[in-house]
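A.B. asks: One structure follows; several queries about it will come next.
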Amino acid sequence: MQRRIPRYTPAGVADAAVTTRPFTTEDGLGLCLTRFRRFDCDDVVVLLHGLTASSDLFIMPEHRNMAGYLLDNGFGDVWTLDMRMSNRFPYNTEPHRHTLDDVALYDYPAALAELRRHIGDRRVHVVAHCLGSMTFLMSLFGDVVRNITSVVVNAVGLVMHVPTWSRWKLDYGRELIERVIGLSHLDPRFDRAPALTRGRALARLVSLAHPECDNPACHMVSFMWGSGWPALYSHANLDPVTHDRIADLLGPTGLQYHRHIRKIVRAGRAVKYDSTAPRHASLPDDYLANAEEADTPVLFLTGDHNNVFGDSCVRCHRELTGRSRHPDRYELYVAPGYGYLDCIIGKNAHLDVFPHVLDFLRRRAV
């Protein structure tokens, strides 16, 4: 299939100097920061993706994207981070035992240390999506990272509440996929696998349950991550080009992280996967345990049709404002007509959603 937009292209961010800054985590993974710079400013913004996605969510050429929007509106130094959950790396589909605790403990401190080498002590704001949001808050509330001026989280925070069908998939789906069907990972591109393979058969079966469009990759990402037709966004909110290349934006993944997600869903909030693991001894068992001490401003952002994490952001905002000594530091915006991912990749997100992010960042940039 001929791509209308190349994979991993930075072409969506015009008139910016683009540089890459690779770095290594303490547990031995190579990750990468990408800098989009127009001019030096006192406030630097870092954009974080979620599981199976990448920094491409924020630099899409087919419409006005988050990185370009921030650059156009006074934030002249924008960075994207591809951490270990990025589809730009092979880590998601390799056999591994990484958990969300590893992302919180290793990825963000290393990324911020590399960032500080280039920007010094300037203010740092973070805009994060999905499990990038949750893991960054885990790092922040676990006192692993400090000196963050503000955070915007999209779709989910430290409280996780999912639809019933998603809970069922978490409880039983991993064992079914790995042990019964015999697949080591899930891939939105399974429909392109050779005939008579397990992946191809699963893709065909999933598509039978998703008559809402003719894109098998769209069907698979709904199956992988949510409950709905489609689950991750409204078709009306996407540019057709975005819909056609959804498998480039949301890649394959093994199911190791699902073990931790399942534990978090059962607890209802972010908790450590294994309280006996020596490498995670410095992390709290419950990431909300010291919520009253946190003072970094956070904007919780979600669509009112979030079919992946439901009202998790609303619940987390309520939890933190009720427990914090600084309840005014927490804000909530629920975008009408939006879902889980279209708040970031929607064709009109720059009109409907991004202005609320910009307003929050400007008010906190003091």
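For the structure tokens, the naming scheme is as follows: chains receive sequential letters (A, B, ...) according to their order of presentation, residues are indexed from 1 within each chain, and ligands are indexed from 1 in presentation order.
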Using only C-alpha atoms, determine which residues lie at most 7 Å from range 277-291 of chain A, disregarding the query and same-chain residues fewer than 2 positions distant; provide the list as a ChimeraX atom specification.
C.D. replies: /A:138,141-142,270-272,274-275,293-294,320,323-324
A.B. asks: Output as a PyMOL selection string all residues of range 72-308 of chain A that backbone DSSP marks as alpha helix (DSSP H).
C.D. replies: chain A and resi 72+100-102+108-119+131-141+164-168+174-175+198-208+216-225+240-244+246-249+256-267
A.B. asks: From the set A:Pro109, A:Arg174, A:Gly226, A:Thr52, which residue has the shortest atom-to-atom contact distance to Pro188 in chain A, counting only C-alpha atoms?
C.D. replies: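 Checking each of A:Pro109, A:Arg174, A:Gly226, A:Thr52 against Pro188 in chain A, counting only C-alpha atoms, the winner is A:Thr52.
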A.B. asks: Nearest residue to Ala236 in chain A out of A:Gly339, A:Gly132, A:Gly68, A:Pro95, using only C-alpha atoms?
C.D. replies: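 Looking only at the distances to Ala236 in chain A, the closest residue turns out to be A:Gly339.
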A.B. asks: Each residue of range 9-114 of chain A with at least one atom at most 12 Å from range 120-124 of chain A should appear once, together with its nearest atom pair and the corresponding distance in Å (one decimal); atoms considered: only C-alpha atoms; ordering: chain, then increasing residue number; output as CSV.
C.D. replies:
```
residue,atom,partner,partner_atom,distance
A:Asp40,CA,A:Arg122,CA,9.9
A:Cys41,CA,A:Arg122,CA,8.1
A:Asp42,CA,A:Arg122,CA,5.4
A:Asp43,CA,A:Arg123,CA,4.8
A:Val44,CA,A:Val124,CA,4.9
A:Val45,CA,A:Val124,CA,5.9
A:Val46,CA,A:Val124,CA,7.3
A:Leu47,CA,A:Val124,CA,10.7
A:Phe75,CA,A:Val124,CA,11.0
A:Asp77,CA,A:Val124,CA,10.2
A:Val78,CA,A:Val124,CA,10.0
A:Trp79,CA,A:Val124,CA,10.2
A:Leu112,CA,A:Val124,CA,9.2
A:Ala113,CA,A:Gly120,CA,9.7
A:Glu114,CA,A:Gly120,CA,10.0
```
A.B. asks: Tell me which of A:Ser150, A:Asn348, A:Thr135, A:Thr276 sits closest to Leu238 in chain A, counting only C-alpha atoms.
C.D. replies: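 Smallest distance to Leu238 in chain A is found for A:Asn348.
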A.B. asks: I want to know what sits within 7 Å of Arg88 in chain A, based on only C-alpha atoms, with residues of the same chain fewer than 2 positions away left out; could you give that as a PyMOL selection string?
C.D. replies: chain A and resi 54+86+90
A.B. asks: Could those residues be written to a file, using C-alpha atoms, as a PDB file, in the first residue's frame?
C.D. replies:
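So again-v2.pdb came out as:
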```pdb
ATOM      1  CA  SER A  54       4.929   7.544  19.427  1.00  0.00           C
ATOM      2  CA  SER A  86       7.021   3.929  21.563  1.00  0.00           C
ATOM      3  CA  PRO A  90      11.262  -2.806  18.952  1.00  0.00           C
TER       4      PRO A  90
END
```
A.B. asks: Identify, on the basis of only C-alpha atoms, every residue whose closest approach to Val151 in chain A does not exceed 8 Å; exclude the query and any residue fewer than 2 positions from it along the same chain; express the result as a PyMOL selection string.
C.D. replies: chain A and resi 125-128+148-149+153+296-299
A.B. asks: Would you compute the distance between CA of Asp214 in chain A and CA of Asp248 in chain A? Give it in Å to one decimal.
C.D. replies: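 A separation of 16.6 Å between them.
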A.B. asks: Residues within 9 Å of Val308 in chain A, please, as a list of chain:residue names. Count only C-alpha atoms; anything in the same chain fewer than 6 positions from it doesn't count.
C.D. replies: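 My list of contacting residues is A:Ala155, A:His161, A:Val162, A:Pro163, A:Ser166, A:Ser222, A:Trp225, A:Gly226, A:Ser227, A:Gly228, A:Ala231, A:Leu232, A:Gly339, A:Tyr340.
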A.B. asks: Using only C-alpha atoms, find the one residue out of A:Tyr233, A:Tyr91, A:Tyr108, A:Tyr257 that sits nearest to Ile344 in chain A.
C.D. replies: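 Distance minimum relative to Ile344 in chain A lands on A:Tyr233.
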A.B. asks: Determine the nearest neighbour of Val357 in chain A from the options A:Glu212, A:Glu94, A:Thr302, A:Leu186, counting only C-alpha atoms.
C.D. replies: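 With only C-alpha atoms as the atom set, the closest residue is A:Thr302.
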A.B. asks: Report the distance between CA of Thr80 in chain A and CA of Tyr338 in chain A in Å, rounded to one decimal place.
C.D. replies: 23.3 Å
